[in-house]
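Written out below as structure tokens is the structure these notes cover.
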Amino acid sequence: MPSPAEEAATEHPEITFIGCARCGTLIAGLDGRYACSGCGWVNEWTEGHRPLPEARRRRN
């Protein structure tokens with residue numbers, strides 16, 4: 001059975017929208033992670049809708 005991180009890595013990210021917490025501009029993000037280009041506000045990465053995929057090592 002795959003782990004939640006493996007399941008998240010296989011799904012496509014979802015584009016989500018909110019009003020910026022600082023200036024109110026409508027902004028888009030991936031899976032609940034946002035950065036406002038108007039004022040520079042960024043939400044905490046842990047506030048996303050699902051876990052981030054884990055890094056994989058490159059094979060040489």
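Residue numbering restarts at 1 in every chain; chains get A, B, ... in the order shown in the structure tokens, and ligands count up from 1 in that same order.
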Would you return as a list of chain:residue names the members of chain A that DSSP assigns to alpha helix (DSSP H) on this structure's backbone?
A:Pro4, A:Ala5, A:Glu6, A:Glu7, A:Ala8, A:Ala9, A:Thr10
Within 7 Å of range 47-50 of chain A, counting only C-alpha atoms, which residues show up once you throw out same-chain ones fewer than 3 positions away? Write them as a PyMOL selection string, please.
chain A and resi 8+31-33+44
For Gly19 in chain A, please output as a PyMOL selection string all residues within 12 Å (counting only C-alpha atoms; exclusion window: fewer than 2 positions along the same chain).
chain A and resi 16-17+21-29+32+34-36+38+41-43
d(CA of Arg56 in chain A, CA of Glu14 in chain A) in Å:
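Distance reported for this atom pair: 21.6 Å.
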Which residue is closest to Ile15 in chain A? Choose from A:Ser37, A:Leu30, A:Pro53, A:Thr46 and count only C-alpha atoms.
A:Leu30
